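Colleague: Below is query_8.cif; it holds mmCIF, C-alpha atoms and all ligand atoms.
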data_my_file
#
loop_
_atom_site.label_atom_id
_atom_site.label_comp_id
_atom_site.auth_asym_id
_atom_site.auth_seq_id
_atom_site.Cartn_x
_atom_site.Cartn_y
_atom_site.Cartn_z
CA MET A 1 -17.14 26.92 -35.03
CA ASP A 2 -20.93 26.62 -34.76
CA VAL A 3 -22.91 25.90 -31.59
CA PHE A 4 -23.50 22.31 -32.66
CA ASN A 5 -19.76 21.65 -32.86
CA ILE A 6 -19.07 23.29 -29.50
CA VAL A 7 -21.81 21.24 -27.79
CA PHE A 8 -20.43 18.11 -29.47
CA ILE A 9 -16.87 18.78 -28.27
CA VAL A 10 -17.92 19.69 -24.72
CA THR A 11 -20.09 16.57 -24.49
CA LYS A 12 -17.19 14.45 -25.71
CA LEU A 13 -14.84 15.99 -23.14
CA ILE A 14 -17.33 15.39 -20.33
CA PHE A 15 -17.69 11.79 -21.54
CA ILE A 16 -13.91 11.31 -21.48
CA VAL A 17 -13.57 12.75 -17.96
CA ILE A 18 -16.49 10.73 -16.59
CA ASN A 19 -15.19 7.53 -18.14
CA SER A 20 -11.58 7.84 -17.11
CA TYR A 21 -10.06 6.91 -13.82
CA PRO A 22 -6.77 7.71 -12.16
CA VAL A 23 -4.26 5.02 -13.11
CA LEU A 24 -2.48 3.05 -10.40
CA TYR A 25 0.64 1.11 -11.36
CA SER A 26 0.95 -1.58 -8.76
CA PHE A 27 2.64 -4.84 -7.88
CA ARG A 28 0.57 -7.21 -5.78
CA ARG A 29 3.21 -8.29 -3.24
CA CYS A 30 4.99 -4.95 -2.89
CA PRO A 31 4.37 -3.60 0.63
CA TYR A 32 4.44 0.01 -0.62
CA ALA A 33 1.83 -0.79 -3.26
CA MET A 34 -0.21 -2.68 -0.67
CA ARG A 35 -0.42 0.36 1.59
CA ALA A 36 -1.48 2.53 -1.36
CA ARG A 37 -4.21 0.04 -2.33
CA LEU A 38 -5.38 -0.10 1.28
CA ALA A 39 -5.91 3.67 1.38
CA ILE A 40 -7.54 3.79 -2.08
CA ALA A 41 -9.94 0.98 -1.16
CA THR A 42 -10.80 2.60 2.16
CA ALA A 43 -11.39 5.97 0.53
CA GLN A 44 -13.76 4.16 -1.87
CA ILE A 45 -12.04 5.63 -4.91
CA SER A 46 -12.08 3.83 -8.24
CA VAL A 47 -8.78 3.64 -10.07
CA GLU A 48 -7.62 1.78 -13.14
CA LEU A 49 -5.23 -0.84 -11.79
CA ARG A 50 -2.23 -1.78 -13.90
CA GLU A 51 -0.42 -4.73 -12.39
CA ILE A 52 3.24 -4.69 -13.39
CA GLU A 53 6.20 -7.05 -13.23
CA LEU A 54 9.28 -5.48 -11.66
CA SER A 55 11.46 -7.40 -14.14
CA ASN A 56 9.53 -6.08 -17.14
CA LYS A 57 8.27 -2.57 -16.40
CA PRO A 58 5.96 -1.12 -19.05
CA ASN A 59 7.08 2.02 -20.89
CA ALA A 60 3.94 3.82 -19.75
CA LEU A 61 5.10 3.45 -16.13
CA LEU A 62 8.62 4.67 -16.89
CA LEU A 63 7.23 7.60 -18.86
CA ALA A 64 4.98 8.56 -15.94
CA SER A 65 7.76 8.11 -13.35
CA PRO A 66 11.29 7.48 -14.61
CA LYS A 67 12.51 6.29 -11.20
CA GLY A 68 10.61 3.08 -11.96
CA THR A 69 9.26 2.18 -8.54
CA VAL A 70 5.71 1.21 -7.69
CA PRO A 71 3.20 2.35 -6.66
CA VAL A 72 2.62 5.24 -9.07
CA LEU A 73 -0.66 7.09 -9.38
CA GLN A 74 -1.40 9.13 -12.49
CA LEU A 75 -4.24 11.60 -12.05
CA HIS A 76 -6.73 12.94 -14.64
CA ASN A 77 -4.81 16.21 -14.92
CA GLY A 78 -1.58 14.36 -15.63
CA ASP A 79 -0.14 14.86 -12.12
CA ILE A 80 1.97 11.97 -10.92
CA ILE A 81 2.24 10.76 -7.32
CA ASP A 82 5.08 8.28 -7.05
CA GLU A 83 5.55 7.88 -3.31
CA SER A 84 3.28 5.42 -1.53
CA LEU A 85 2.68 7.58 1.53
CA ASN A 86 1.67 10.51 -0.68
CA ILE A 87 -0.78 8.26 -2.54
CA MET A 88 -2.30 7.29 0.82
CA LEU A 89 -2.62 10.92 1.85
CA TRP A 90 -4.10 11.88 -1.52
CA ALA A 91 -6.74 9.14 -1.25
CA LEU A 92 -7.63 9.99 2.34
CA GLN A 93 -7.92 13.66 1.51
CA GLN A 94 -10.71 12.71 -0.92
CA ASN A 95 -12.57 10.58 1.61
CA ASP A 96 -11.48 9.75 5.13
CA HIS A 97 -14.72 8.32 6.45
CA GLU A 98 -12.80 5.88 8.68
CA HIS A 99 -10.85 8.81 10.20
CA TRP A 100 -7.43 7.34 9.41
CA LEU A 101 -5.80 10.75 9.45
CA GLU A 102 -7.18 11.88 12.80
CA THR A 103 -6.64 8.70 14.78
CA GLY A 104 -3.56 9.08 16.96
CA GLY A 105 -2.45 12.21 15.14
CA ILE A 106 -0.81 12.37 11.72
CA LYS A 107 2.57 13.55 13.11
CA GLN A 108 2.89 10.52 15.37
CA ALA A 109 1.83 8.19 12.58
CA GLU A 110 4.36 9.75 10.22
CA GLN A 111 7.17 9.36 12.77
CA LEU A 112 6.44 5.66 13.12
CA ILE A 113 6.13 5.25 9.35
CA GLN A 114 9.50 6.95 8.93
CA TRP A 115 11.09 4.44 11.30
CA ASN A 116 9.39 1.66 9.34
CA ASP A 117 10.48 2.92 5.92
CA GLY A 118 14.00 3.76 7.08
CA GLU A 119 15.75 1.59 9.63
CA PHE A 120 13.21 -1.23 9.84
CA LYS A 121 13.02 -1.69 6.06
CA TYR A 122 16.81 -1.64 5.88
CA TYR A 123 17.10 -4.55 8.34
CA LEU A 124 14.05 -6.33 6.89
CA ASP A 125 15.76 -6.53 3.48
CA ARG A 126 18.94 -7.86 5.07
CA TYR A 127 17.09 -10.35 7.25
CA LYS A 128 15.11 -11.58 4.21
CA TYR A 129 18.16 -11.91 1.99
CA SER A 130 20.92 -12.44 4.57
CA ASP A 131 22.93 -14.54 2.06
CA ARG A 132 23.31 -11.39 -0.08
CA TYR A 133 24.59 -9.38 2.91
CA PRO A 134 27.22 -11.63 4.52
CA GLU A 135 28.76 -8.79 6.62
CA ARG A 136 26.41 -9.77 9.46
CA SER A 137 24.40 -12.87 10.32
CA GLU A 138 20.68 -13.42 9.75
CA LEU A 139 20.22 -13.40 13.54
CA GLU A 140 21.86 -10.00 13.89
CA TYR A 141 19.69 -8.52 11.14
CA ARG A 142 16.59 -9.98 12.76
CA GLN A 143 17.55 -8.60 16.16
CA GLN A 144 17.97 -5.11 14.69
CA GLY A 145 14.52 -5.39 13.08
CA GLU A 146 13.09 -6.53 16.39
CA LEU A 147 13.81 -3.12 17.93
CA PHE A 148 10.93 -1.82 15.82
CA LEU A 149 8.73 -4.84 16.55
CA ALA A 150 9.27 -4.29 20.28
CA GLU A 151 8.09 -0.70 19.98
CA LEU A 152 4.99 -1.82 18.06
CA GLU A 153 4.34 -4.46 20.73
CA ARG A 154 4.62 -1.81 23.46
CA ARG A 155 2.02 0.34 21.71
CA LEU A 156 -0.29 -2.56 20.95
CA ASN A 157 -0.27 -3.54 24.61
CA GLN A 158 -1.84 -0.19 25.38
CA GLN A 159 -4.35 0.00 22.51
CA SER A 160 -5.71 -2.30 19.82
CA PHE A 161 -4.13 -0.42 16.92
CA LEU A 162 -1.04 1.71 16.45
CA GLY A 163 -2.85 5.04 16.57
CA GLY A 164 -5.65 4.19 18.98
CA HIS A 165 -8.75 2.04 19.12
CA HIS A 166 -9.34 1.55 15.45
CA PHE A 167 -7.40 0.72 12.31
CA ALA A 168 -5.83 3.86 10.79
CA LEU A 169 -2.96 5.32 8.77
CA ALA A 170 -0.01 3.84 10.69
CA ASP A 171 -1.55 0.36 10.73
CA ALA A 172 -2.15 0.37 6.98
CA ALA A 173 1.28 1.79 6.21
CA ILE A 174 3.23 -0.59 8.47
CA LEU A 175 1.33 -3.91 8.42
CA PRO A 176 2.53 -4.98 4.94
CA PHE A 177 6.15 -4.71 6.12
CA VAL A 178 5.57 -6.61 9.38
CA ARG A 179 3.87 -9.28 7.27
CA GLN A 180 7.05 -9.62 5.22
CA PHE A 181 9.16 -9.83 8.38
CA SER A 182 6.86 -12.53 9.82
CA VAL A 183 7.19 -14.85 6.81
CA VAL A 184 10.98 -14.94 6.74
CA ASP A 185 10.79 -17.51 9.55
CA THR A 186 7.18 -18.25 10.47
CA VAL A 187 8.14 -20.69 13.24
CA TRP A 188 10.31 -18.08 14.95
CA PHE A 189 7.63 -15.40 14.53
CA LYS A 190 4.92 -17.60 16.09
CA GLU A 191 7.10 -18.19 19.13
CA SER A 192 8.46 -14.65 19.37
CA PRO A 193 7.68 -12.56 22.45
CA TYR A 194 5.27 -10.26 20.57
CA PRO A 195 1.76 -11.63 21.20
CA ALA A 196 -0.06 -8.33 20.68
CA LEU A 197 1.79 -7.81 17.41
CA GLN A 198 0.92 -11.33 16.26
CA GLN A 199 -2.74 -10.74 17.04
CA TRP A 200 -2.72 -7.39 15.21
CA LEU A 201 -1.13 -9.01 12.16
CA ASN A 202 -3.39 -12.09 12.18
CA GLN A 203 -6.49 -9.95 12.46
CA PHE A 204 -5.36 -8.00 9.41
CA LEU A 205 -4.50 -11.12 7.41
CA SER A 206 -7.96 -12.59 7.98
CA SER A 207 -9.77 -9.35 7.21
CA HIS A 208 -11.95 -8.41 4.29
CA ARG A 209 -9.65 -5.39 3.93
CA PHE A 210 -6.65 -7.64 3.20
CA ASP A 211 -8.61 -9.93 0.85
CA LYS A 212 -9.73 -6.94 -1.14
CA ILE A 213 -6.24 -5.60 -1.82
CA MET A 214 -4.70 -9.00 -2.58
CA THR A 215 -6.85 -9.95 -5.57
CA LYS A 216 -4.59 -11.36 -8.31
CA TYR A 217 -4.44 -9.63 -11.69
CA PRO A 218 -2.40 -10.62 -14.74
CA PRO A 219 0.34 -8.16 -15.79
CA TRP A 220 -1.12 -5.20 -17.67
CA LYS A 221 -0.66 -4.79 -21.43
CA PRO A 222 -1.46 -1.51 -23.26
CA ASP A 223 -4.45 -2.90 -25.17
CA ASP A 224 -6.00 -4.70 -22.18
CA GLN A 225 -9.53 -3.94 -21.03
CA LEU A 226 -9.88 -1.52 -18.16
CA GLN A 227 -9.28 -3.22 -14.80
CA LEU A 228 -10.93 -1.28 -12.01
CA PHE A 229 -9.85 -1.38 -8.39
CA GLY A 230 -11.30 0.33 -5.32
CA GLN A 231 -14.91 1.31 -5.02
CA ALA A 232 -15.92 -0.39 -8.24
CA GLN A 233 -14.34 -3.71 -7.27
CA ASP A 234 -16.80 -6.22 -5.75
CA PRO A 235 -16.17 -6.75 -2.03
CA PRO A 236 -15.55 -10.34 -0.91
CA LYS A 237 -18.61 -11.83 0.73
CA SER A 238 -17.31 -13.09 4.06
CA LYS A 239 -14.91 -12.19 6.87
CA ALA A 240 -15.23 -9.35 9.31
CA ASP A 241 -13.27 -6.17 8.71
CA ALA A 242 -10.20 -5.44 10.82
N1 LIG A 301 9.68 5.16 -1.51
C1 LIG A 301 8.92 4.43 -2.49
C2 LIG A 301 9.47 3.01 -2.54
C3 LIG A 301 8.75 2.12 -3.53
C4 LIG A 301 9.57 0.86 -3.86
O1 LIG A 301 10.76 0.78 -3.57
N2 LIG A 301 8.91 -0.12 -4.49
C5 LIG A 301 9.66 -1.27 -4.95
C6 LIG A 301 8.81 -2.52 -5.01
S1 LIG A 301 8.27 -3.07 -3.43
C7 LIG A 301 10.10 -1.02 -6.37
O2 LIG A 301 9.33 -0.57 -7.17
N3 LIG A 301 11.38 -1.30 -6.68
C8 LIG A 301 11.90 -1.10 -8.00
C9 LIG A 301 12.51 -2.32 -8.58
O3 LIG A 301 12.59 -3.35 -7.89
O4 LIG A 301 12.89 -2.27 -9.75
C10 LIG A 301 7.45 4.47 -2.11
O5 LIG A 301 7.14 4.62 -0.92
O6 LIG A 301 6.58 4.40 -3.00
#
Just give me the structure of the file as structure tokens.
Modeller:
Amino acid sequence: MDVFNIVFIVTKLIFIVINSYPVLYSFRRCPYAMRARLAIATAQISVELREIELSNKPNALLLASPKGTVPVLQLHNGDIIDESLNIMLWALQQNDHEHWLETGGIKQAEQLIQWNDGEFKYYLDRYKYSDRYPERSELEYRQQGELFLAELERRLNQQSFLGGHHFALADAAILPFVRQFSVVDTVWFKESPYPALQQWLNQFLSSHRFDKIMTKYPPWKPDDQLQLFGQAQDPPKSKADA
């Protein structure tokens, strides 16, 4: 192979690397995908966003991660990250300029996230779809979920965010789930004895941060044009950040 060919191939490879982005398979309303998008946006990383439909998962997603859940992040080197918390940690390890990992300590954040993803999520699903789980009443499911809300309220009475005085890992990981809980019965939630929690949630819902991750995209098809998300996505023009 002559020098010309080698230079040509190397240039082409550099071009491919520079012009490719990690691929994020996502579903707009999924709370796990929301937390991944929050971390990616905060870390100012550009990814190719592929919006999927849970009822019609693309083969490319199932090839990347046969368990078929979202979010899934496929890196340049082919590595796959198919757990939302690991995607958050990956993004923040690239760029944590908002100090999400330091605030309140990662261990404490992870403990709270575990409670969220385990017991709280279990009761959230049953509260949301109580007709599918007739063993107990909607009220009982809600009351079990409220044990977690009460703990969040206790923390938010002491500090503005779950880890301390600014928005960080635990807030981003947990807010999408509390949002789901709040919309099951909005009248009840508004009157519930969790004013600090309500304020924390409302502040998030009216933030630029939330707007940015909730942009609507049509479901991805293999020959679609590249849809970028993250740093390369234009920020909305108004609204203060949470
Ligand atoms: N432990 C996973 C859970 C992800 C998950 O369950 N995502 C849901 C959507 S919110 C999903 O993809 N479910 C598969 C399906 O409904 O077919 C994570 O943290 O990423």
Colleague: Quick one, how far is atom CA of Leu169 of chain A from atom C9 of ligand LIG 301 (chain A)?
Modeller: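 That distance, rounded to one decimal, is 24.5 Å.
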Colleague: Could you give me the centre and size, in Å to one decimal, of an axis-aligned box around all listed atoms of ligand LIG 301 (chain A) with 3 Å added on every side, as AutoDock Vina command-line options?
Modeller:
--center_x 9.7 --center_y 0.9 --center_z -5.3 --size_x 12.3 --size_y 14.5 --size_z 14.8
Colleague: Between A:Gln111, A:Phe27, A:Ala64, A:Ser20, which residue has the minimum interatomic distance to Ser46 of chain A, considering all atoms listed in the file?
Modeller: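 Checking each of A:Gln111, A:Phe27, A:Ala64, A:Ser20 against Ser46 of chain A, counting all atoms listed in the file, the winner is A:Ser20.
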Colleague: Pick out the closest residue to Gly68 of chain A from this set: A:Leu92, A:Tyr25, A:Asp224, A:Arg136. Count only C-alpha atoms.
Modeller: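 Closest residue, counting only C-alpha atoms: A:Tyr25.
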Colleague: Name the closest residue to Ile80 of chain A among the candidates A:Ser206, A:Thr42, A:Gln198, A:Ser65; distances are taken between atoms, counting all atoms listed in the file.
Modeller: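 With all atoms listed in the file as the atom set, the closest residue is A:Ser65.
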Colleague: Could you list, as an MDAnalysis selection string, all protein and nucleic acid residues with an atom at most 12 Å from ligand LIG 301 (chain A), counting only C-alpha atoms and all ligand atoms?
Modeller: chainID A and resid 24:37 51:58 61:62 65:73 80:89 113:114 116:118 121:122 125 173:174 176:177 180
Colleague: Name the closest residue to Gln94 of chain A among the candidates A:Asp131, A:Ala170, A:Ile45, A:Gln74; distances are taken between atoms, counting only C-alpha atoms.
Modeller: A:Ile45
Colleague: Identify the residues around (-2.7, -5.1, 23.4) within a radius of 10 Å, measuring from all atoms listed in the file in the coordinates stated by the file, and give them as a list in words.
Modeller: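 Residues with an atom close enough to that point: Leu152, Glu153, Arg154, Arg155, Leu156, Asn157, Gln158, Gln159, Ser160, Phe161, Leu162, Tyr194, Pro195, Ala196, Leu197, Gln199 and Trp200 of chain A.
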Colleague: Quick one: distance from atom CA of Leu226 of chain A to atom CA of His97 of chain A in Å, one decimal?
Modeller: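 Going from atom CA of Leu226 of chain A over to atom CA of His97 of chain A covers 26.9 Å.
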Colleague: Nearest to Gly163 of chain A among A:Asp2, A:Ala109, A:Tyr217, A:Ala41, with distances taken over all atoms listed in the file: which residue is it?
Modeller: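 Comparing A:Asp2, A:Ala109, A:Tyr217, A:Ala41 against Gly163 of chain A, the winner is A:Ala109.
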Colleague: Hey, which of A:Lys128, A:Lys107, A:Arg179, A:Arg50 ends up closest to Lys216 of chain A? Count only C-alpha atoms.
Modeller: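 Among the listed residues, the smallest separation from Lys216 of chain A belongs to A:Arg50.
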